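J.: Take a look at this one; I'll ask things after.
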Amino acid sequence: MRWVDRAIGPLIFAAAVVVVALLPRFIGEFRLLQFTRVAIFVIAILGLNILTGYSGQISLGHYAFVGVGAYTTALLSLGRPGLEALQLDPPDWLPLGDGMTPVFTIPLAALITGVLGLIIGVPALRLGGVSLALATLAIAVSFPIVMKSFEEVTGGGGGINLNLPETPFGWDISTRHWLYYEAWVTAGILFVAAWLLTRGRIGRAWRAIRDGEVAAISSGVNPALYKTLAFGISAAYAGAAGALLAIEISYVNPDTFPVSESILLLASAVIGGLGSLAGAIFGALLLQFLPIYSQNPPILSFEFADQAPSVVFGVFLIVFMLLMPGGVAHFVRAVWHTARGRSFRRAVEPDAPQGGA
Amino acid sequence: MAIPARPALPQLDVSPHVRALILAAAWTIGTLAVILLIGLVLTQTEDVFTWSGYIQQIVSGLAQGAIFASLALALVLIYRTTDILNFAQGEMAMFTTFIAWSLMNHMPYWPAFVLTLVIAFVGGAAIERVIIRPVEHRPEIVVVIVTIGLLIALNGLAPWIWGPEVKPFETPFSNGTTEIGGVVIAYQDLGVLAVTLATVLLLWAFFRFTTLGLVMRAVANSQDASRLLGVRVGWMLALGWGLAAMLGAIAGMMAAPTQFLDANLMLIILIYSFAAAVLGGIDSPVGAVVGGLILGVLINILGTYVDFIGGELRLPAAFVVLLVVLLIRPQGLFGHRVVRRV
C-alpha cells in the first residue's frame, strides 16, 4: 500500500484547496477577515520556514521584512500624487509612479523586499549562527524607529492611509471576499513555489548546509551562495505577506510591525513544524487563533489577562522543543505513521526534519 | 574563566604579568588618544563645544555602558561554559528586577538588593537544570529556540503578575550631582559605575582565587576532562547560570531607576549587551566589559553630537559600527579566532 503514502500529500493539498475555496460560504464577515489574516501568516511563515527550517538560519526580525513589503505597497499603490495629497513629501529620486492597482504591487513588494533581503543577507552571513539571530533582532527593533525617522516618506508615527480596498477588474464579489481570495490564491501560488524550490536541487543544497556545512562544502555546495539565496527568498515571501497585510488593513504605521510580532512569527513557525511546508499552515492558524483563544478560553467562563497569549506561546515553544522538536506537522505525521502500523518513535525523528510538504 | 594569553606581542620576552600590564597600558593610552582625537574633531565641527560637556557625556556613557557590560558578562559567562547564547538573559534580568520591586515595597533597598541576588541565583540555576539541561546536546538552533521561548514567556508573565503599568524604581544613590574639575557628574552614574565595577572585580576574584572558580574554569575549558577528574559538570553549569542571572539582576536594578520598570525594560539593553559581547569577542569576559563600556560611550556621543542620529537612531547607528568592526575583525576585539577542524 505504498501508494497511500505517495498520494496522501497531494490529496490533503487538494482537500485544503476545496476547504479554502468553500469556507466563505459558511462563515461570517468577521471570520472571513480572520482567515484572510491566516493566509497572510501562511506566506510569512513559509518564508521563515525556508530560512530556518530548510537552510538552518534563525531570523528574529522577519516582521521587519513584512513591514518593508507593507510600506512598499502603501507607497506604490498611492503613488506620488496620492502621497502628496496626504501632505507627505517624498524625495524626487524615489520612483513612486502615479499609483497602481494594489494587487499588482504584491510581486513588486516581494521583489524589493527580496533584494533588500539579499543585501542584508551578505553581511549577515559573515555573522552566521547565533549572531545572525542577534543581527535580525536588531533589525526588528530598528525597523519601527527608522520608519518613524523618515517622516517625509513614511508619514512617521502617523503612518499612511491607503485607499480603501475595493474589488478590481469590475468583478462581482464583495471586497472582503476579494481580499480573502486574493490572499489565499497568493498563498497557494507561493506554497507550490516553495514546494518546488525545496524538493529540487536548491532545497537539497539548503538541507545539506543545515545538516552539516562541512559535508555540504565537500560535496561541492557553496554555502555562502545558498544561504544568501535563502535569506533573499525568505525576505521576498515576507514582503508579499506585508503587501497583502497593507492592502487588507489599508493602513500602515510603524507600530503595526513591533519586534514582538517577529518573535511570535518565529515561535509559530517552530511550533507549526520547521522543515515542513504543511507546518506553515498549522503555524499560521496558531498565530491567528491562539492569542484570541488563550485570552478568552472557549470552555472556561473567564477572561485571561492580555499577556496570556505570550505566556502560552512561550510555554508551547519550550514544551514542543523538549518533547516534539518537529512541531505539529511532525506530530501529525507521526500519528499517521502509527496508524499505518509503524513505530511512532521512528516516525518522529526529532532532530532531522525531513523535507517536503 | 581564564583569559588565555594572546600571541599579540611575540618579540617581548617578559613574564605574563608584565605583558598584561603593558597591554593594559597600551589600551589605556590608545583609548585616551581616541577620546582626545574625537574631541578635537568635535571642536572643529560643533558650533558650541565644551570639553567639560564632552567629558560629561563620556561619564554618563560609561554608566550606561556599565549596565551593558554586566549583562554582556552574563551572556559571555553562559556562552563560555555551555556554548549557548541565552536570549532570555535580558528577560530573566527584567523578571528579577520586578521581584526586587516587590521586595522593596516591604524592606529597605540593600537587604532587598541582596535577597534579589539570592533569588536570581536560585532561579537561574533552576532554569538550567529544568529547561536547558534536556536540550543541552541538541543542535544549537533547538537550544536558541528554547531560550527564545523563555524570553516570550517571561515577557508576558511579568506584566501578568505585576500589571502592565510602568513602575518607578527606587535608587540607593542620591539625586544630586557633583562637580569635579568643571565636569558635572550625577551621583546616580557614579553609583552605577561603582556597583558594576565592584561586581566585575568580585567575579574576577572568585574565578581567580577560589577553588570553585578554578573548577568552573576547568569545566569551561573541557567538560570531558573535568568529568574524568571527578567534577560534577552538570552542577557547575547550573552554577554558571545562577551567577549569570545574578549579573543580569544587577544590570536590571541599575537600569530600572533611570529607564523605569516595565516588561520591555531589558529588551533594548539585551540587544546592546549582545552587541557589546560580540564587539569584545564573544568568548572573552574582559572583552564583554570593555565592549559594554565602549558601546555605552559610543551611543552617547553619537546621539549627542551627530544631529542626524539624535536620540532615535542610536540603535541602528551602533549596529552599523558593530558590523564594520566585525567585517574587519570577525572575532571581535578580544576574542579568539575560531579554527574549524573537520
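How things are named: the first chain in the C-alpha cells is A, the next is B, and so on; residues count from 1 in each chain; ligands count from 1 in the order shown.
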For a quick test of understanding: name the residues of chain B lying within 6 Å of chain A when counting only C-alpha atoms, and present them as a PDB file with N, CA and C atoms, in the first residue's frame.
T.:
```pdb
ATOM      1  N   VAL B 146      14.666  27.388  22.503  1.00  0.00           N
ATOM      2  CA  VAL B 146      14.191  27.231  23.882  1.00  0.00           C
ATOM      3  C   VAL B 146      14.400  28.526  24.666  1.00  0.00           C
ATOM      4  N   GLY B 149      11.819  30.888  23.674  1.00  0.00           N
ATOM      5  CA  GLY B 149      10.556  30.557  24.331  1.00  0.00           C
ATOM      6  C   GLY B 149      10.501  31.135  25.735  1.00  0.00           C
ATOM      7  N   LEU B 150      11.613  31.023  26.421  1.00  0.00           N
ATOM      8  CA  LEU B 150      11.721  31.567  27.777  1.00  0.00           C
ATOM      9  C   LEU B 150      11.549  33.089  27.744  1.00  0.00           C
ATOM     10  N   ILE B 152       9.862  34.872  25.522  1.00  0.00           N
ATOM     11  CA  ILE B 152       8.460  35.224  25.272  1.00  0.00           C
ATOM     12  C   ILE B 152       7.638  35.025  26.544  1.00  0.00           C
ATOM     13  N   ALA B 153       7.842  33.871  27.205  1.00  0.00           N
ATOM     14  CA  ALA B 153       7.033  33.542  28.373  1.00  0.00           C
ATOM     15  C   ALA B 153       7.257  34.555  29.500  1.00  0.00           C
ATOM     16  N   GLY B 156       5.712  37.939  28.931  1.00  0.00           N
ATOM     17  CA  GLY B 156       4.281  38.012  29.181  1.00  0.00           C
ATOM     18  C   GLY B 156       3.941  37.844  30.651  1.00  0.00           C
ATOM     19  N   LEU B 157       4.725  37.007  31.323  1.00  0.00           N
ATOM     20  CA  LEU B 157       4.414  36.662  32.706  1.00  0.00           C
ATOM     21  C   LEU B 157       4.575  37.864  33.646  1.00  0.00           C
ATOM     22  N   TRP B 160       1.749  40.196  33.585  1.00  0.00           N
ATOM     23  CA  TRP B 160       0.578  39.463  34.055  1.00  0.00           C
ATOM     24  C   TRP B 160       0.547  39.486  35.591  1.00  0.00           C
ATOM     25  N   PRO B 316      20.267  51.672  15.494  1.00  0.00           N
ATOM     26  CA  PRO B 316      20.768  51.334  14.159  1.00  0.00           C
ATOM     27  C   PRO B 316      22.215  51.793  13.968  1.00  0.00           C
TER      28      PRO B 316
END
```
J.: I'd like the neighbourhood of stretch 118-120 of chain A as JSON, numbers by chain, where a residue qualifies if any of its atoms comes within 7 Å (using only C-alpha atoms), though same-chain residues fewer than 2 positions away should be ignored.
T.: {"A": [114, 115, 116, 122, 123, 124, 228, 229, 231, 232]}
J.: How would the residues just picked look written out with N, CA and C atoms as a tab-separated table (two decimals), in the first residue's frame?
T.:
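File produced: result-v6.tsv:
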```tsv
chain	number	residue	atom	x	y	z
A	114	GLY	N	12.79	41.20	-1.35
A	114	GLY	CA	13.75	40.12	-1.63
A	114	GLY	C	15.15	40.67	-1.87
A	115	VAL	N	15.23	41.74	-2.68
A	115	VAL	CA	16.53	42.34	-2.96
A	115	VAL	C	17.15	42.87	-1.68
A	116	LEU	N	16.31	43.51	-0.86
A	116	LEU	CA	16.78	44.02	0.43
A	116	LEU	C	17.31	42.87	1.28
A	122	VAL	N	24.14	39.31	2.93
A	122	VAL	CA	25.58	39.16	2.73
A	122	VAL	C	26.39	39.42	4.00
A	123	PRO	N	26.22	40.59	4.65
A	123	PRO	CA	26.94	40.76	5.93
A	123	PRO	C	26.43	39.82	7.01
A	124	ALA	N	25.13	39.48	6.95
A	124	ALA	CA	24.56	38.60	7.96
A	124	ALA	C	25.26	37.25	7.94
A	228	THR	N	22.64	32.97	1.31
A	228	THR	CA	22.17	34.29	0.91
A	228	THR	C	20.88	34.17	0.11
A	229	LEU	N	20.85	33.18	-0.77
A	229	LEU	CA	19.65	32.94	-1.58
A	229	LEU	C	18.46	32.68	-0.68
A	231	PHE	N	18.05	33.64	2.34
A	231	PHE	CA	17.69	34.90	3.01
A	231	PHE	C	16.85	35.77	2.09
A	232	GLY	N	17.28	35.88	0.83
A	232	GLY	CA	16.56	36.70	-0.14
A	232	GLY	C	15.15	36.17	-0.40
```
J.: What is the distance, in Å and to one decimal place, between atom CA of A:Lys227 and atom CA of B:Asp283?
T.: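 Atom-to-atom, atom CA of A:Lys227 and atom CA of B:Asp283 are spaced 25.2 Å apart.
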J.: Can you tell me which residues surround B:Gly90 at a distance of at most 10 Å, considering only C-alpha atoms, apart from same-chain residues fewer than 5 positions away, and format the answer as a ChimeraX atom specification?
T.: /B:71-72,74-75,95-96,151,154-155,245,248-249,251-252,264-271,273-274
J.: Find the residues of stretch 197-301 of chain B that sit at most 12 Å from stretch 318-334 of chain B; for each, write down the nearest two atoms and how far apart they are in Å, to one decimal. Count only C-alpha atoms. Sort by chain, then by number going up, and give it as a tab-separated table.
T.:
```
residue	atom	partner	partner_atom	distance
B:Ile268	CA	B:Ala318	CA	12.0
B:Ile271	CA	B:Phe319	CA	9.7
B:Tyr272	CA	B:Ala318	CA	8.3
B:Ser273	CA	B:Ala318	CA	11.5
B:Phe274	CA	B:Leu322	CA	10.6
B:Ala275	CA	B:Leu322	CA	7.0
B:Ala276	CA	B:Leu322	CA	8.6
B:Ala277	CA	B:Gly332	CA	8.5
B:Val278	CA	B:Gly332	CA	6.1
B:Leu279	CA	B:Gly332	CA	4.8
B:Gly280	CA	B:Leu333	CA	4.8
B:Gly281	CA	B:Gly332	CA	4.0
B:Ile282	CA	B:Gly332	CA	7.3
B:Asp283	CA	B:Phe334	CA	8.2
B:Ser284	CA	B:Phe334	CA	6.1
B:Pro285	CA	B:Phe334	CA	8.8
B:Val286	CA	B:Phe334	CA	7.4
B:Gly287	CA	B:Phe334	CA	5.1
B:Ala288	CA	B:Phe334	CA	8.6
B:Val289	CA	B:Phe334	CA	10.5
B:Val290	CA	B:Leu333	CA	9.1
B:Gly291	CA	B:Leu333	CA	8.0
B:Gly292	CA	B:Ala318	CA	11.7
B:Ile294	CA	B:Ala318	CA	10.6
B:Leu295	CA	B:Ala318	CA	7.4
B:Gly296	CA	B:Ala318	CA	9.6
B:Val297	CA	B:Ala318	CA	10.6
B:Leu298	CA	B:Ala318	CA	7.6
B:Ile299	CA	B:Ala318	CA	6.3
B:Asn300	CA	B:Ala318	CA	10.1
B:Ile301	CA	B:Ala318	CA	10.8
```
J.: Write the selection just made, keeping N, CA and C atoms, as an mmCIF file, in the first residue's frame?
T.:
```
data_model
loop_
_atom_site.group_PDB
_atom_site.id
_atom_site.type_symbol
_atom_site.label_atom_id
_atom_site.label_comp_id
_atom_site.auth_asym_id
_atom_site.auth_seq_id
_atom_site.Cartn_x
_atom_site.Cartn_y
_atom_site.Cartn_z
ATOM 1 N N ILE B 268 15.947 46.215 24.765
ATOM 2 C CA ILE B 268 16.934 47.018 24.050
ATOM 3 C C ILE B 268 18.308 46.842 24.709
ATOM 4 N N ILE B 271 19.918 43.757 23.552
ATOM 5 C CA ILE B 271 20.495 43.847 22.211
ATOM 6 C C ILE B 271 21.841 44.569 22.258
ATOM 7 N N TYR B 272 21.889 45.674 23.017
ATOM 8 C CA TYR B 272 23.164 46.373 23.160
ATOM 9 C C TYR B 272 24.199 45.460 23.817
ATOM 10 N N SER B 273 23.754 44.670 24.803
ATOM 11 C CA SER B 273 24.702 43.816 25.503
ATOM 12 C C SER B 273 25.231 42.711 24.594
ATOM 13 N N PHE B 274 24.332 42.147 23.768
ATOM 14 C CA PHE B 274 24.784 41.196 22.756
ATOM 15 C C PHE B 274 25.853 41.848 21.899
ATOM 16 N N ALA B 275 25.529 43.065 21.464
ATOM 17 C CA ALA B 275 26.454 43.781 20.597
ATOM 18 C C ALA B 275 27.781 43.992 21.320
ATOM 19 N N ALA B 276 27.699 44.343 22.615
ATOM 20 C CA ALA B 276 28.920 44.562 23.390
ATOM 21 C C ALA B 276 29.723 43.279 23.478
ATOM 22 N N ALA B 277 29.037 42.161 23.737
ATOM 23 C CA ALA B 277 29.718 40.874 23.854
ATOM 24 C C ALA B 277 30.370 40.491 22.536
ATOM 25 N N VAL B 278 29.640 40.704 21.435
ATOM 26 C CA VAL B 278 30.188 40.358 20.123
ATOM 27 C C VAL B 278 31.356 41.283 19.782
ATOM 28 N N LEU B 279 31.200 42.559 20.127
ATOM 29 C CA LEU B 279 32.257 43.533 19.863
ATOM 30 C C LEU B 279 33.527 43.159 20.617
ATOM 31 N N GLY B 280 33.376 42.767 21.886
ATOM 32 C CA GLY B 280 34.542 42.435 22.690
ATOM 33 C C GLY B 280 35.111 41.065 22.346
ATOM 34 N N GLY B 281 34.357 40.274 21.615
ATOM 35 C CA GLY B 281 34.768 38.897 21.362
ATOM 36 C C GLY B 281 33.935 38.021 22.274
ATOM 37 N N ILE B 282 33.070 37.215 21.679
ATOM 38 C CA ILE B 282 32.017 36.557 22.441
ATOM 39 C C ILE B 282 32.559 35.602 23.509
ATOM 40 N N ASP B 283 33.821 35.192 23.404
ATOM 41 C CA ASP B 283 34.333 34.260 24.405
ATOM 42 C C ASP B 283 35.241 34.955 25.425
ATOM 43 N N SER B 284 35.234 36.287 25.445
ATOM 44 C CA SER B 284 36.170 36.986 26.323
ATOM 45 C C SER B 284 35.455 37.843 27.372
ATOM 46 N N PRO B 285 35.597 37.524 28.671
ATOM 47 C CA PRO B 285 34.979 38.331 29.731
ATOM 48 C C PRO B 285 35.501 39.762 29.735
ATOM 49 N N VAL B 286 36.826 39.923 29.567
ATOM 50 C CA VAL B 286 37.381 41.275 29.505
ATOM 51 C C VAL B 286 36.749 42.031 28.344
ATOM 52 N N GLY B 287 36.648 41.319 27.219
ATOM 53 C CA GLY B 287 36.056 41.927 26.036
ATOM 54 C C GLY B 287 34.636 42.391 26.284
ATOM 55 N N ALA B 288 33.857 41.578 27.027
ATOM 56 C CA ALA B 288 32.461 41.942 27.301
ATOM 57 C C ALA B 288 32.396 43.255 28.070
ATOM 58 N N VAL B 289 33.267 43.381 29.083
ATOM 59 C CA VAL B 289 33.244 44.594 29.901
ATOM 60 C C VAL B 289 33.705 45.796 29.072
ATOM 61 N N VAL B 290 34.848 45.637 28.395
ATOM 62 C CA VAL B 290 35.354 46.741 27.574
ATOM 63 C C VAL B 290 34.360 47.079 26.471
ATOM 64 N N GLY B 291 33.828 46.029 25.817
ATOM 65 C CA GLY B 291 32.857 46.244 24.746
ATOM 66 C C GLY B 291 31.647 47.015 25.245
ATOM 67 N N GLY B 292 31.149 46.634 26.442
ATOM 68 C CA GLY B 292 29.996 47.327 27.006
ATOM 69 C C GLY B 292 30.283 48.795 27.239
ATOM 70 N N ILE B 294 32.673 50.673 25.853
ATOM 71 C CA ILE B 294 32.866 51.377 24.581
ATOM 72 C C ILE B 294 31.516 51.698 23.949
ATOM 73 N N LEU B 295 30.625 50.688 23.937
ATOM 74 C CA LEU B 295 29.333 50.869 23.289
ATOM 75 C C LEU B 295 28.519 51.959 23.985
ATOM 76 N N GLY B 296 28.564 51.943 25.335
ATOM 77 C CA GLY B 296 27.815 52.952 26.084
ATOM 78 C C GLY B 296 28.279 54.357 25.735
ATOM 79 N N VAL B 297 29.601 54.550 25.716
ATOM 80 C CA VAL B 297 30.153 55.869 25.384
ATOM 81 C C VAL B 297 29.828 56.226 23.936
ATOM 82 N N LEU B 298 29.993 55.229 23.065
ATOM 83 C CA LEU B 298 29.786 55.462 21.632
ATOM 84 C C LEU B 298 28.374 55.964 21.351
ATOM 85 N N ILE B 299 27.362 55.243 21.884
ATOM 86 C CA ILE B 299 25.993 55.668 21.546
ATOM 87 C C ILE B 299 25.678 57.017 22.164
ATOM 88 N N ASN B 300 26.268 57.301 23.316
ATOM 89 C CA ASN B 300 26.017 58.593 23.936
ATOM 90 C C ASN B 300 26.601 59.719 23.095
ATOM 91 N N ILE B 301 27.822 59.518 22.615
ATOM 92 C CA ILE B 301 28.484 60.558 21.826
ATOM 93 C C ILE B 301 27.822 60.708 20.464
#
```
J.: May I ask for the distance between atom CA of B:Ile250 and atom CA of B:Arg208, given in Å to one decimal place?
T.: 21.2 Å
J.: Write out as a VMD selection string the residues lying within 12 Å of A:Leu22, counting only C-alpha atoms and excluding same-chain residues fewer than 4 positions away.
T.: chain A and resid 15 to 18 26 to 27 32 177 180 to 181 184
